[in-house]
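J.: Structure file run.pdb (PDB, C-alpha atoms) right here:
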```pdb
ATOM      1  CA  MET A   9    -205.968 -37.457  78.891  1.00  0.00           C
ATOM      2  CA  THR A  10    -203.332 -36.715  76.238  1.00  0.00           C
ATOM      3  CA  LYS A  11    -204.900 -35.532  73.013  1.00  0.00           C
ATOM      4  CA  LEU A  12    -204.718 -37.983  70.102  1.00  0.00           C
ATOM      5  CA  THR A  13    -203.058 -35.349  67.973  1.00  0.00           C
ATOM      6  CA  SER A  14    -200.200 -34.627  70.374  1.00  0.00           C
ATOM      7  CA  LYS A  15    -196.846 -34.912  68.590  1.00  0.00           C
ATOM      8  CA  PRO A  16    -195.321 -37.642  70.828  1.00  0.00           C
ATOM      9  CA  ILE A  17    -198.366 -39.886  70.322  1.00  0.00           C
ATOM     10  CA  LEU A  18    -198.354 -39.374  66.541  1.00  0.00           C
ATOM     11  CA  LYS A  19    -194.588 -40.008  66.426  1.00  0.00           C
ATOM     12  CA  LYS A  20    -194.983 -43.204  68.463  1.00  0.00           C
ATOM     13  CA  ALA A  21    -197.822 -44.409  66.220  1.00  0.00           C
ATOM     14  CA  SER A  22    -196.020 -43.681  62.948  1.00  0.00           C
ATOM     15  CA  GLY A  23    -192.874 -45.259  64.445  1.00  0.00           C
ATOM     16  CA  ILE A  24    -194.738 -48.514  65.079  1.00  0.00           C
ATOM     17  CA  LEU A  25    -196.015 -48.588  61.495  1.00  0.00           C
ATOM     18  CA  ALA A  26    -192.521 -47.859  60.152  1.00  0.00           C
ATOM     19  CA  GLN A  27    -190.926 -50.834  61.955  1.00  0.00           C
ATOM     20  CA  GLU A  28    -190.052 -54.020  60.126  1.00  0.00           C
ATOM     21  CA  PHE A  29    -192.141 -56.100  62.566  1.00  0.00           C
ATOM     22  CA  ALA A  30    -194.673 -55.196  65.270  1.00  0.00           C
ATOM     23  CA  ILE A  31    -197.317 -57.075  67.203  1.00  0.00           C
ATOM     24  CA  PRO A  32    -200.871 -56.887  65.750  1.00  0.00           C
ATOM     25  CA  LYS A  33    -202.280 -55.104  68.826  1.00  0.00           C
ATOM     26  CA  ASP A  34    -199.665 -52.329  68.470  1.00  0.00           C
ATOM     27  CA  ILE A  35    -200.272 -52.044  64.721  1.00  0.00           C
ATOM     28  CA  ALA A  36    -204.027 -51.781  65.370  1.00  0.00           C
ATOM     29  CA  TRP A  37    -203.508 -49.117  68.062  1.00  0.00           C
ATOM     30  CA  ALA A  38    -201.178 -47.071  65.842  1.00  0.00           C
ATOM     31  CA  TRP A  39    -203.468 -47.396  62.857  1.00  0.00           C
ATOM     32  CA  VAL A  40    -206.623 -46.303  64.707  1.00  0.00           C
ATOM     33  CA  THR A  41    -204.739 -43.474  66.460  1.00  0.00           C
ATOM     34  CA  LEU A  42    -203.445 -42.059  63.151  1.00  0.00           C
ATOM     35  CA  LEU A  43    -206.817 -42.435  61.419  1.00  0.00           C
ATOM     36  CA  LEU A  44    -208.639 -40.676  64.250  1.00  0.00           C
ATOM     37  CA  SER A  45    -206.061 -37.882  64.261  1.00  0.00           C
ATOM     38  CA  GLN A  46    -206.878 -37.221  60.596  1.00  0.00           C
ATOM     39  CA  GLU A  47    -210.608 -36.960  61.155  1.00  0.00           C
ATOM     40  CA  GLU A  48    -212.483 -33.869  62.220  1.00  0.00           C
ATOM     41  CA  GLN A  49    -211.820 -33.284  65.892  1.00  0.00           C
ATOM     42  CA  LYS A  50    -215.012 -34.826  67.247  1.00  0.00           C
ATOM     43  CA  ARG A  51    -214.173 -36.744  70.396  1.00  0.00           C
ATOM     44  CA  ASP A  52    -214.679 -40.453  69.935  1.00  0.00           C
ATOM     45  CA  SER A  53    -215.602 -42.279  73.103  1.00  0.00           C
ATOM     46  CA  GLU A  54    -212.850 -44.461  74.565  1.00  0.00           C
ATOM     47  CA  GLU A  55    -215.186 -47.440  74.147  1.00  0.00           C
ATOM     48  CA  LYS A  56    -215.565 -46.775  70.433  1.00  0.00           C
ATOM     49  CA  ARG A  57    -211.780 -46.397  70.043  1.00  0.00           C
ATOM     50  CA  TYR A  58    -211.077 -49.670  71.820  1.00  0.00           C
ATOM     51  CA  SER A  59    -213.682 -51.496  69.753  1.00  0.00           C
ATOM     52  CA  ARG A  60    -212.082 -50.154  66.541  1.00  0.00           C
ATOM     53  CA  ILE A  61    -208.647 -51.252  67.761  1.00  0.00           C
ATOM     54  CA  ALA A  62    -210.012 -54.715  68.615  1.00  0.00           C
ATOM     55  CA  GLU A  63    -211.706 -54.950  65.194  1.00  0.00           C
ATOM     56  CA  PHE A  64    -208.463 -54.107  63.355  1.00  0.00           C
ATOM     57  CA  GLU A  65    -206.453 -56.436  65.566  1.00  0.00           C
ATOM     58  CA  ALA A  66    -208.854 -59.332  64.845  1.00  0.00           C
ATOM     59  CA  TRP A  67    -208.684 -58.552  61.129  1.00  0.00           C
ATOM     60  CA  ILE A  68    -204.849 -58.510  61.203  1.00  0.00           C
ATOM     61  CA  LEU A  69    -204.795 -61.870  63.021  1.00  0.00           C
ATOM     62  CA  GLU A  70    -207.145 -63.385  60.404  1.00  0.00           C
ATOM     63  CA  LEU A  71    -204.633 -62.464  57.680  1.00  0.00           C
ATOM     64  CA  ASN A  72    -202.294 -65.205  58.999  1.00  0.00           C
ATOM     65  CA  LEU A  73    -199.252 -63.199  57.952  1.00  0.00           C
ATOM     66  CA  PRO A  74    -195.796 -64.745  58.470  1.00  0.00           C
ATOM     67  CA  VAL A  75    -194.381 -63.817  61.867  1.00  0.00           C
ATOM     68  CA  ASP A  76    -190.969 -62.326  62.595  1.00  0.00           C
ATOM     69  CA  PRO A  77    -188.478 -65.197  62.059  1.00  0.00           C
ATOM     70  CA  LYS A  78    -186.113 -63.672  64.663  1.00  0.00           C
ATOM     71  CA  ASN A  79    -188.886 -63.585  67.279  1.00  0.00           C
ATOM     72  CA  PRO A  80    -191.484 -66.231  66.365  1.00  0.00           C
ATOM     73  CA  GLY A  81    -192.915 -66.255  69.894  1.00  0.00           C
ATOM     74  CA  THR A  82    -194.050 -62.613  69.852  1.00  0.00           C
ATOM     75  CA  GLY A  83    -196.513 -63.053  66.994  1.00  0.00           C
ATOM     76  CA  ALA A  84    -195.069 -59.848  65.458  1.00  0.00           C
ATOM     77  CA  VAL A  85    -195.942 -59.314  61.784  1.00  0.00           C
ATOM     78  CA  SER A  86    -194.858 -56.754  59.210  1.00  0.00           C
ATOM     79  CA  PRO A  87    -196.874 -53.491  59.278  1.00  0.00           C
ATOM     80  CA  GLU A  88    -196.010 -53.152  55.549  1.00  0.00           C
ATOM     81  CA  ALA A  89    -197.695 -56.521  54.826  1.00  0.00           C
ATOM     82  CA  VAL A  90    -200.735 -55.401  56.840  1.00  0.00           C
ATOM     83  CA  LYS A  91    -200.808 -52.134  54.887  1.00  0.00           C
ATOM     84  CA  ASN A  92    -200.718 -53.967  51.546  1.00  0.00           C
ATOM     85  CA  SER A  93    -203.598 -56.215  52.610  1.00  0.00           C
ATOM     86  CA  ALA A  94    -205.506 -53.246  54.002  1.00  0.00           C
ATOM     87  CA  ARG A  95    -205.210 -51.012  50.989  1.00  0.00           C
ATOM     88  CA  ASN A  96    -208.448 -52.187  49.364  1.00  0.00           C
ATOM     89  CA  VAL A  97    -210.339 -53.087  52.529  1.00  0.00           C
ATOM     90  CA  PHE A  98    -209.698 -50.363  55.078  1.00  0.00           C
ATOM     91  CA  GLU A  99    -208.412 -46.854  54.905  1.00  0.00           C
ATOM     92  CA  TRP A 100    -204.752 -46.625  55.839  1.00  0.00           C
ATOM     93  CA  PRO A 101    -203.331 -43.533  57.566  1.00  0.00           C
ATOM     94  CA  HIS A 102    -201.019 -41.438  55.404  1.00  0.00           C
ATOM     95  CA  GLU A 103    -197.669 -41.820  57.126  1.00  0.00           C
ATOM     96  CA  TYR A 104    -196.028 -39.013  55.161  1.00  0.00           C
ATOM     97  CA  ILE A 105    -198.033 -36.551  57.220  1.00  0.00           C
ATOM     98  CA  PHE A 106    -195.937 -37.305  60.245  1.00  0.00           C
ATOM     99  CA  GLU A 107    -192.611 -36.584  58.588  1.00  0.00           C
ATOM    100  CA  GLU A 108    -191.207 -33.204  59.530  1.00  0.00           C
ATOM    101  CA  PRO A 109    -191.818 -30.690  56.704  1.00  0.00           C
ATOM    102  CA  VAL A 110    -188.762 -30.084  54.577  1.00  0.00           C
ATOM    103  CA  ALA A 111    -187.446 -26.564  55.012  1.00  0.00           C
ATOM    104  CA  PRO A 112    -185.932 -25.395  51.730  1.00  0.00           C
ATOM    105  CA  ASN A 113    -182.356 -24.228  52.359  1.00  0.00           C
ATOM    106  CA  HIS A 114    -182.239 -21.966  49.360  1.00  0.00           C
ATOM    107  CA  PRO A 115    -184.918 -20.354  47.137  1.00  0.00           C
ATOM    108  CA  ASP A 116    -183.772 -22.550  44.216  1.00  0.00           C
ATOM    109  CA  SER A 117    -183.573 -25.783  46.210  1.00  0.00           C
ATOM    110  CA  LYS A 118    -186.167 -28.335  45.212  1.00  0.00           C
ATOM    111  CA  VAL A 119    -188.718 -29.176  47.877  1.00  0.00           C
ATOM    112  CA  THR A 120    -189.258 -32.906  48.170  1.00  0.00           C
ATOM    113  CA  TYR A 121    -192.332 -34.505  49.666  1.00  0.00           C
ATOM    114  CA  GLY A 122    -192.595 -37.786  51.562  1.00  0.00           C
ATOM    115  CA  ASP A 123    -194.932 -39.171  48.961  1.00  0.00           C
ATOM    116  CA  THR A 124    -195.563 -38.899  45.206  1.00  0.00           C
ATOM    117  CA  ILE A 125    -199.176 -37.650  45.395  1.00  0.00           C
ATOM    118  CA  THR A 126    -198.520 -34.482  47.445  1.00  0.00           C
ATOM    119  CA  LYS A 127    -197.062 -32.348  44.647  1.00  0.00           C
ATOM    120  CA  PRO A 128    -199.880 -33.080  42.124  1.00  0.00           C
ATOM    121  CA  ILE A 129    -202.467 -32.199  44.816  1.00  0.00           C
ATOM    122  CA  LEU A 130    -200.653 -28.897  45.515  1.00  0.00           C
ATOM    123  CA  ASP A 131    -200.498 -28.259  41.727  1.00  0.00           C
ATOM    124  CA  ALA A 132    -204.246 -28.941  41.439  1.00  0.00           C
ATOM    125  CA  VAL A 133    -204.986 -26.481  44.283  1.00  0.00           C
ATOM    126  CA  LYS A 134    -202.857 -23.891  42.417  1.00  0.00           C
ATOM    127  CA  ASP A 135    -204.672 -24.657  39.116  1.00  0.00           C
ATOM    128  CA  ALA A 136    -208.012 -24.269  40.930  1.00  0.00           C
ATOM    129  CA  GLY A 137    -206.962 -20.769  42.009  1.00  0.00           C
ATOM    130  CA  GLY A 138    -206.374 -21.829  45.597  1.00  0.00           C
ATOM    131  CA  SER A 139    -209.836 -23.377  45.930  1.00  0.00           C
ATOM    132  CA  ASP A 140    -210.224 -26.566  47.916  1.00  0.00           C
ATOM    133  CA  ASP A 141    -213.499 -27.599  46.254  1.00  0.00           C
ATOM    134  CA  ARG A 142    -213.143 -31.419  46.281  1.00  0.00           C
ATOM    135  CA  ALA A 143    -215.102 -32.023  43.076  1.00  0.00           C
ATOM    136  CA  ALA A 144    -213.091 -29.401  41.159  1.00  0.00           C
ATOM    137  CA  LEU A 145    -209.791 -30.790  42.473  1.00  0.00           C
ATOM    138  CA  ILE A 146    -210.729 -34.390  41.602  1.00  0.00           C
ATOM    139  CA  ALA A 147    -211.643 -33.202  38.072  1.00  0.00           C
ATOM    140  CA  ILE A 148    -208.245 -31.443  37.715  1.00  0.00           C
ATOM    141  CA  LEU A 149    -206.407 -34.525  39.058  1.00  0.00           C
ATOM    142  CA  GLU A 150    -208.362 -36.780  36.657  1.00  0.00           C
ATOM    143  CA  GLY A 151    -207.208 -34.447  33.871  1.00  0.00           C
ATOM    144  CA  TYR A 152    -203.588 -34.937  34.988  1.00  0.00           C
ATOM    145  CA  ALA A 153    -204.122 -38.722  35.003  1.00  0.00           C
ATOM    146  CA  LYS A 154    -205.636 -38.674  31.495  1.00  0.00           C
ATOM    147  CA  ASP A 155    -202.648 -36.619  30.281  1.00  0.00           C
ATOM    148  CA  GLY A 156    -200.351 -39.367  31.585  1.00  0.00           C
ATOM    149  CA  LYS A 157    -198.743 -37.199  34.283  1.00  0.00           C
ATOM    150  CA  GLU A 158    -196.771 -39.011  36.998  1.00  0.00           C
ATOM    151  CA  PRO A 159    -197.592 -40.606  39.436  1.00  0.00           C
ATOM    152  CA  PHE A 160    -201.029 -41.328  37.980  1.00  0.00           C
ATOM    153  CA  ALA A 161    -201.925 -44.620  36.349  1.00  0.00           C
ATOM    154  CA  ASP A 162    -205.650 -44.613  35.558  1.00  0.00           C
ATOM    155  CA  VAL A 163    -209.054 -43.135  36.362  1.00  0.00           C
ATOM    156  CA  THR A 164    -211.507 -45.793  37.574  1.00  0.00           C
ATOM    157  CA  PRO A 165    -215.090 -45.591  38.882  1.00  0.00           C
ATOM    158  CA  GLU A 166    -213.660 -46.034  42.419  1.00  0.00           C
ATOM    159  CA  GLY A 167    -211.138 -43.194  42.120  1.00  0.00           C
ATOM    160  CA  ILE A 168    -207.790 -42.203  40.611  1.00  0.00           C
ATOM    161  CA  GLU A 169    -205.045 -44.836  40.720  1.00  0.00           C
ATOM    162  CA  TRP A 170    -201.541 -43.599  41.470  1.00  0.00           C
ATOM    163  CA  LYS A 171    -198.082 -45.078  42.028  1.00  0.00           C
ATOM    164  CA  GLY A 172    -196.401 -44.743  45.406  1.00  0.00           C
ATOM    165  CA  SER A 173    -192.695 -43.883  45.589  1.00  0.00           C
ATOM    166  CA  ALA A 174    -191.660 -47.548  45.881  1.00  0.00           C
ATOM    167  CA  TRP A 175    -194.012 -48.727  43.112  1.00  0.00           C
ATOM    168  CA  SER A 176    -192.652 -51.175  40.546  1.00  0.00           C
ATOM    169  CA  GLN A 177    -194.254 -53.061  37.633  1.00  0.00           C
ATOM    170  CA  GLY A 178    -196.984 -55.413  38.829  1.00  0.00           C
ATOM    171  CA  ASP A 179    -197.517 -53.691  42.212  1.00  0.00           C
ATOM    172  CA  LYS A 180    -200.967 -52.550  43.326  1.00  0.00           C
ATOM    173  CA  TYR A 181    -201.807 -48.896  42.786  1.00  0.00           C
ATOM    174  CA  ASN A 182    -202.923 -46.552  45.556  1.00  0.00           C
ATOM    175  CA  LEU A 183    -206.397 -45.076  45.190  1.00  0.00           C
ATOM    176  CA  LEU A 184    -207.274 -41.381  45.514  1.00  0.00           C
ATOM    177  CA  THR A 185    -210.965 -40.803  46.279  1.00  0.00           C
ATOM    178  CA  ILE A 186    -212.916 -37.760  47.478  1.00  0.00           C
ATOM    179  CA  LYS A 187    -212.544 -39.106  51.056  1.00  0.00           C
ATOM    180  CA  THR A 188    -208.770 -39.660  50.894  1.00  0.00           C
ATOM    181  CA  LEU A 189    -208.339 -36.306  49.109  1.00  0.00           C
ATOM    182  CA  ASN A 190    -210.252 -34.673  51.956  1.00  0.00           C
ATOM    183  CA  ASN A 191    -207.839 -36.224  54.509  1.00  0.00           C
ATOM    184  CA  ARG A 192    -204.791 -35.159  52.502  1.00  0.00           C
ATOM    185  CA  LEU A 193    -206.057 -31.568  52.129  1.00  0.00           C
ATOM    186  CA  ALA A 194    -206.709 -31.378  55.887  1.00  0.00           C
ATOM    187  CA  ASN A 195    -203.168 -32.541  56.565  1.00  0.00           C
ATOM    188  CA  LEU A 196    -201.579 -30.198  54.016  1.00  0.00           C
ATOM    189  CA  ARG A 197    -203.525 -27.378  55.674  1.00  0.00           C
ATOM    190  CA  LYS A 198    -202.215 -28.485  59.088  1.00  0.00           C
ATOM    191  CA  LYS A 199    -198.669 -28.340  57.717  1.00  0.00           C
ATOM    192  CA  GLY A 200    -199.310 -24.872  56.306  1.00  0.00           C
ATOM    193  CA  LEU A 201    -198.696 -26.016  52.708  1.00  0.00           C
ATOM    194  CA  ILE A 202    -202.107 -24.725  51.540  1.00  0.00           C
TER     195      ILE A 202
END
```
Once more with this new file: its structure as structure tokens, please.

T.:
Amino acid sequence: MTKLTSKPILKKASGILAQEFAIPKDIAWAWVTLLLSQEEQKRDSEEKRYSRIAEFEAWILELNLPVDPKNPGTGAVSPEAVKNSARNVFEWPHEYIFEEPVAPNHPDSKVTYGDTITKPILDAVKDAGGSDDRAALIAILEGYAKDGKEPFADVTPEGIEWKGSAWSQGDKYNLLTIKTLNNRLANLRKKGLI
């Protein structure tokens, strides 16, 4: 069986989530596939995977999101709308991970990241002397937030709130917790950034 972390599978999954509209079953499959690829490589049983996909699909259907006006018969909904609803209920896979790393063309060229939280995390790792101690990194990141550094908004009991790249006044903040930091560090390590 193809490994969940194989590039074509990850590309297909992130492609589904990047579309304007997709059917709930596909969104659920892509979502579970990306989440499982971020976890430690313990093999989940197929049965467990399918039950997670079915659970997400049922949850998406319960949202009663508007369907694609061009294709009302397909039942396709917007993955972005699902993501916004999911943000505070379920973990959402970090799509930026599946973008190809930017190769700087010149030593002075500015490296850009697919998402606003990556650079502060890399800065925190640098400030921690290269350590990836979660508690120390969260403390450093909370310090950044309290100093008003972008993209941070606030420190709450649940975690650190931060603004995504498309954030505008009145939008919901993303939440950085020990768990999501752990996922992001694992992915930065995979990309060879730390």

J.: Return the single residue from A:Ser86, A:Val163, A:Gln177, A:Ser93 that is closest to Trp67 in chain A, with distances computed using all atoms listed in the file.

T.: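 Among the listed residues, the smallest separation from Trp67 in chain A belongs to A:Ser93.
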
J.: Pick out the residues sitting within 6 Å of range 180-184 of chain A, and hand them over as a list in words; count only C-alpha atoms, and ignore anything fewer than 3 positions along from it in its own chain.

T.: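 Using only C-alpha atoms, the neighbours found are Gly167, Ile168, Glu169, Trp170, Lys171 and Thr188 of chain A.
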
J.: Could you save those same residues with C-alpha atoms as a JSON list (two decimals), in the coordinates of the input?

T.:
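Listed below is the output, out11.json:
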```
[["chain", "number", "residue", "atom", "x", "y", "z"],
["A", 167, "GLY", "CA", -211.14, -43.19, 42.12],
["A", 168, "ILE", "CA", -207.79, -42.20, 40.61],
["A", 169, "GLU", "CA", -205.04, -44.84, 40.72],
["A", 170, "TRP", "CA", -201.54, -43.60, 41.47],
["A", 171, "LYS", "CA", -198.08, -45.08, 42.03],
["A", 188, "THR", "CA", -208.77, -39.66, 50.89]]
```

J.: For CA of Ile35 in chain A and CA of Arg197 in chain A, quote the distance in Å rounded to one decimal.

T.: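 Separating CA of Ile35 in chain A from CA of Arg197 in chain A is a distance of 26.5 Å.
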
J.: Step by step, work through what the PyMOL selection byres ((chain A and resi 145) around 10) selects in the shown file, and finish by giving those residues as an MDAnalysis selection string.

T.: chainID A and resid 129:136 139:144 146:151 186 189

J.: Under the rule that all atoms listed in the file are counted, which of A:Ala174, A:Ala30, A:Ile202, A:Leu193 is the nearest residue to Pro80 in chain A?

T.: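 Closest candidate: A:Ala30.
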
J.: Exactly which residues make up the result of the PyMOL selection byres ((chain A and resi 61-64) around 10) on this file, given as a list in words?

T.: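 So the PyMOL selection byres ((chain A and resi 61-64) around 10) ends up selecting Pro32, Lys33, Asp34, Ile35, Ala36, Trp37, Ala38, Trp39, Val40, Thr41, Glu55, Lys56, Arg57, Tyr58, Ser59, Arg60, Glu65, Ala66, Trp67, Ile68, Leu69, Glu70, Ala94 and Phe98 of chain A.
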
J.: Calculated over all atoms listed in the file, which of the candidates A:Asp179, A:Glu28, A:Asp155, A:Asp123 has the smallest distance to Val75 in chain A?

T.: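 Of the candidates, the smallest distance to Val75 in chain A is held by A:Glu28.
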
J.: Considering all atoms listed in the file, can you say which of A:Lys20, A:Gln27, A:Asn191, A:Lys157 comes closest to Leu43 in chain A?

T.: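 Checking each candidate against Leu43 in chain A, we get A:Asn191 as the closest.
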
J.: Provide the CA of Gly200 in chain A to CA of Glu166 in chain A distance in Å, to one decimal place.

T.: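 Distance between the two atoms: 29.1 Å.
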
J.: Out of A:Leu71, A:Asn190, A:Ala161, A:Pro77, which residue has the shortest atom-to-atom distance to Asn92 in chain A when counting only C-alpha atoms?

T.: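 Closest to Asn92 in chain A, using only C-alpha atoms: A:Leu71.
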
J.: Find, counting all atoms listed in the file, the residue in A:Ser22, A:Ser45, A:Ser173, A:Ser14 that gets nearest to Ala194 in chain A.

T.: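 Answer, going by the shortest atom-to-atom distance: A:Ser45.
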
J.: If I take CA of Ile125 in chain A and CA of Val85 in chain A, how far is one from the other in Å, to one decimal?

T.: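 That distance, rounded to one decimal, is 27.4 Å.
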
J.: At the level of N, CA, C and O atoms, write range 145-162 of chain A to a file as a PDB file, in the first residue's frame, please.

T.:
```pdb
ATOM      1  N   LEU A 145      10.002  27.178  23.960  1.00  0.00           N
ATOM      2  CA  LEU A 145       9.604  27.868  22.726  1.00  0.00           C
ATOM      3  C   LEU A 145       8.280  28.602  22.905  1.00  0.00           C
ATOM      4  O   LEU A 145       8.133  29.742  22.472  1.00  0.00           O
ATOM      5  N   ILE A 146       7.324  27.958  23.576  1.00  0.00           N
ATOM      6  CA  ILE A 146       6.021  28.617  23.820  1.00  0.00           C
ATOM      7  C   ILE A 146       6.258  29.877  24.658  1.00  0.00           C
ATOM      8  O   ILE A 146       5.688  30.939  24.378  1.00  0.00           O
ATOM      9  N   ALA A 147       7.141  29.795  25.661  1.00  0.00           N
ATOM     10  CA  ALA A 147       7.427  30.963  26.508  1.00  0.00           C
ATOM     11  C   ALA A 147       8.032  32.097  25.673  1.00  0.00           C
ATOM     12  O   ALA A 147       7.652  33.267  25.816  1.00  0.00           O
ATOM     13  N   ILE A 148       8.956  31.761  24.762  1.00  0.00           N
ATOM     14  CA  ILE A 148       9.577  32.777  23.891  1.00  0.00           C
ATOM     15  C   ILE A 148       8.506  33.393  22.979  1.00  0.00           C
ATOM     16  O   ILE A 148       8.425  34.615  22.826  1.00  0.00           O
ATOM     17  N   LEU A 149       7.658  32.535  22.387  1.00  0.00           N
ATOM     18  CA  LEU A 149       6.605  33.019  21.486  1.00  0.00           C
ATOM     19  C   LEU A 149       5.588  33.880  22.240  1.00  0.00           C
ATOM     20  O   LEU A 149       5.107  34.889  21.713  1.00  0.00           O
ATOM     21  N   GLU A 150       5.289  33.507  23.490  1.00  0.00           N
ATOM     22  CA  GLU A 150       4.384  34.348  24.309  1.00  0.00           C
ATOM     23  C   GLU A 150       5.023  35.711  24.546  1.00  0.00           C
ATOM     24  O   GLU A 150       4.346  36.737  24.535  1.00  0.00           O
ATOM     25  N   GLY A 151       6.355  35.715  24.737  1.00  0.00           N
ATOM     26  CA  GLY A 151       7.082  36.976  24.901  1.00  0.00           C
ATOM     27  C   GLY A 151       6.938  37.852  23.659  1.00  0.00           C
ATOM     28  O   GLY A 151       6.672  39.053  23.747  1.00  0.00           O
ATOM     29  N   TYR A 152       7.077  37.228  22.467  1.00  0.00           N
ATOM     30  CA  TYR A 152       6.893  37.971  21.218  1.00  0.00           C
ATOM     31  C   TYR A 152       5.485  38.576  21.174  1.00  0.00           C
ATOM     32  O   TYR A 152       5.296  39.721  20.779  1.00  0.00           O
ATOM     33  N   ALA A 153       4.491  37.753  21.553  1.00  0.00           N
ATOM     34  CA  ALA A 153       3.087  38.206  21.493  1.00  0.00           C
ATOM     35  C   ALA A 153       2.877  39.387  22.436  1.00  0.00           C
ATOM     36  O   ALA A 153       2.231  40.378  22.080  1.00  0.00           O
ATOM     37  N   LYS A 154       3.468  39.286  23.646  1.00  0.00           N
ATOM     38  CA  LYS A 154       3.298  40.379  24.629  1.00  0.00           C
ATOM     39  C   LYS A 154       4.007  41.653  24.171  1.00  0.00           C
ATOM     40  O   LYS A 154       3.593  42.751  24.515  1.00  0.00           O
ATOM     41  N   ASP A 155       5.070  41.486  23.359  1.00  0.00           N
ATOM     42  CA  ASP A 155       5.776  42.666  22.823  1.00  0.00           C
ATOM     43  C   ASP A 155       5.065  43.254  21.610  1.00  0.00           C
ATOM     44  O   ASP A 155       5.536  44.231  21.021  1.00  0.00           O
ATOM     45  N   GLY A 156       3.959  42.615  21.197  1.00  0.00           N
ATOM     46  CA  GLY A 156       3.189  43.132  20.064  1.00  0.00           C
ATOM     47  C   GLY A 156       3.777  42.790  18.707  1.00  0.00           C
ATOM     48  O   GLY A 156       3.473  43.434  17.711  1.00  0.00           O
ATOM     49  N   LYS A 157       4.663  41.770  18.668  1.00  0.00           N
ATOM     50  CA  LYS A 157       5.257  41.384  17.375  1.00  0.00           C
ATOM     51  C   LYS A 157       4.206  40.743  16.476  1.00  0.00           C
ATOM     52  O   LYS A 157       3.335  40.015  16.936  1.00  0.00           O
ATOM     53  N   GLU A 158       4.320  41.016  15.169  1.00  0.00           N
ATOM     54  CA  GLU A 158       3.427  40.361  14.190  1.00  0.00           C
ATOM     55  C   GLU A 158       3.834  38.895  14.077  1.00  0.00           C
ATOM     56  O   GLU A 158       5.006  38.595  14.230  1.00  0.00           O
ATOM     57  N   PRO A 159       2.959  37.978  13.801  1.00  0.00           N
ATOM     58  CA  PRO A 159       1.528  38.097  13.531  1.00  0.00           C
ATOM     59  C   PRO A 159       0.674  37.875  14.771  1.00  0.00           C
ATOM     60  O   PRO A 159      -0.495  37.553  14.662  1.00  0.00           O
ATOM     61  N   PHE A 160       1.283  38.023  15.960  1.00  0.00           N
ATOM     62  CA  PHE A 160       0.571  37.649  17.183  1.00  0.00           C
ATOM     63  C   PHE A 160      -0.481  38.672  17.593  1.00  0.00           C
ATOM     64  O   PHE A 160      -0.330  39.863  17.364  1.00  0.00           O
ATOM     65  N   ALA A 161      -1.549  38.149  18.219  1.00  0.00           N
ATOM     66  CA  ALA A 161      -2.632  39.019  18.655  1.00  0.00           C
ATOM     67  C   ALA A 161      -2.725  39.024  20.184  1.00  0.00           C
ATOM     68  O   ALA A 161      -2.773  40.074  20.802  1.00  0.00           O
ATOM     69  N   ASP A 162      -2.719  37.824  20.798  1.00  0.00           N
ATOM     70  CA  ASP A 162      -2.962  37.761  22.234  1.00  0.00           C
ATOM     71  C   ASP A 162      -2.500  36.409  22.780  1.00  0.00           C
ATOM     72  O   ASP A 162      -2.380  35.436  22.043  1.00  0.00           O
TER      73      ASP A 162
END
```
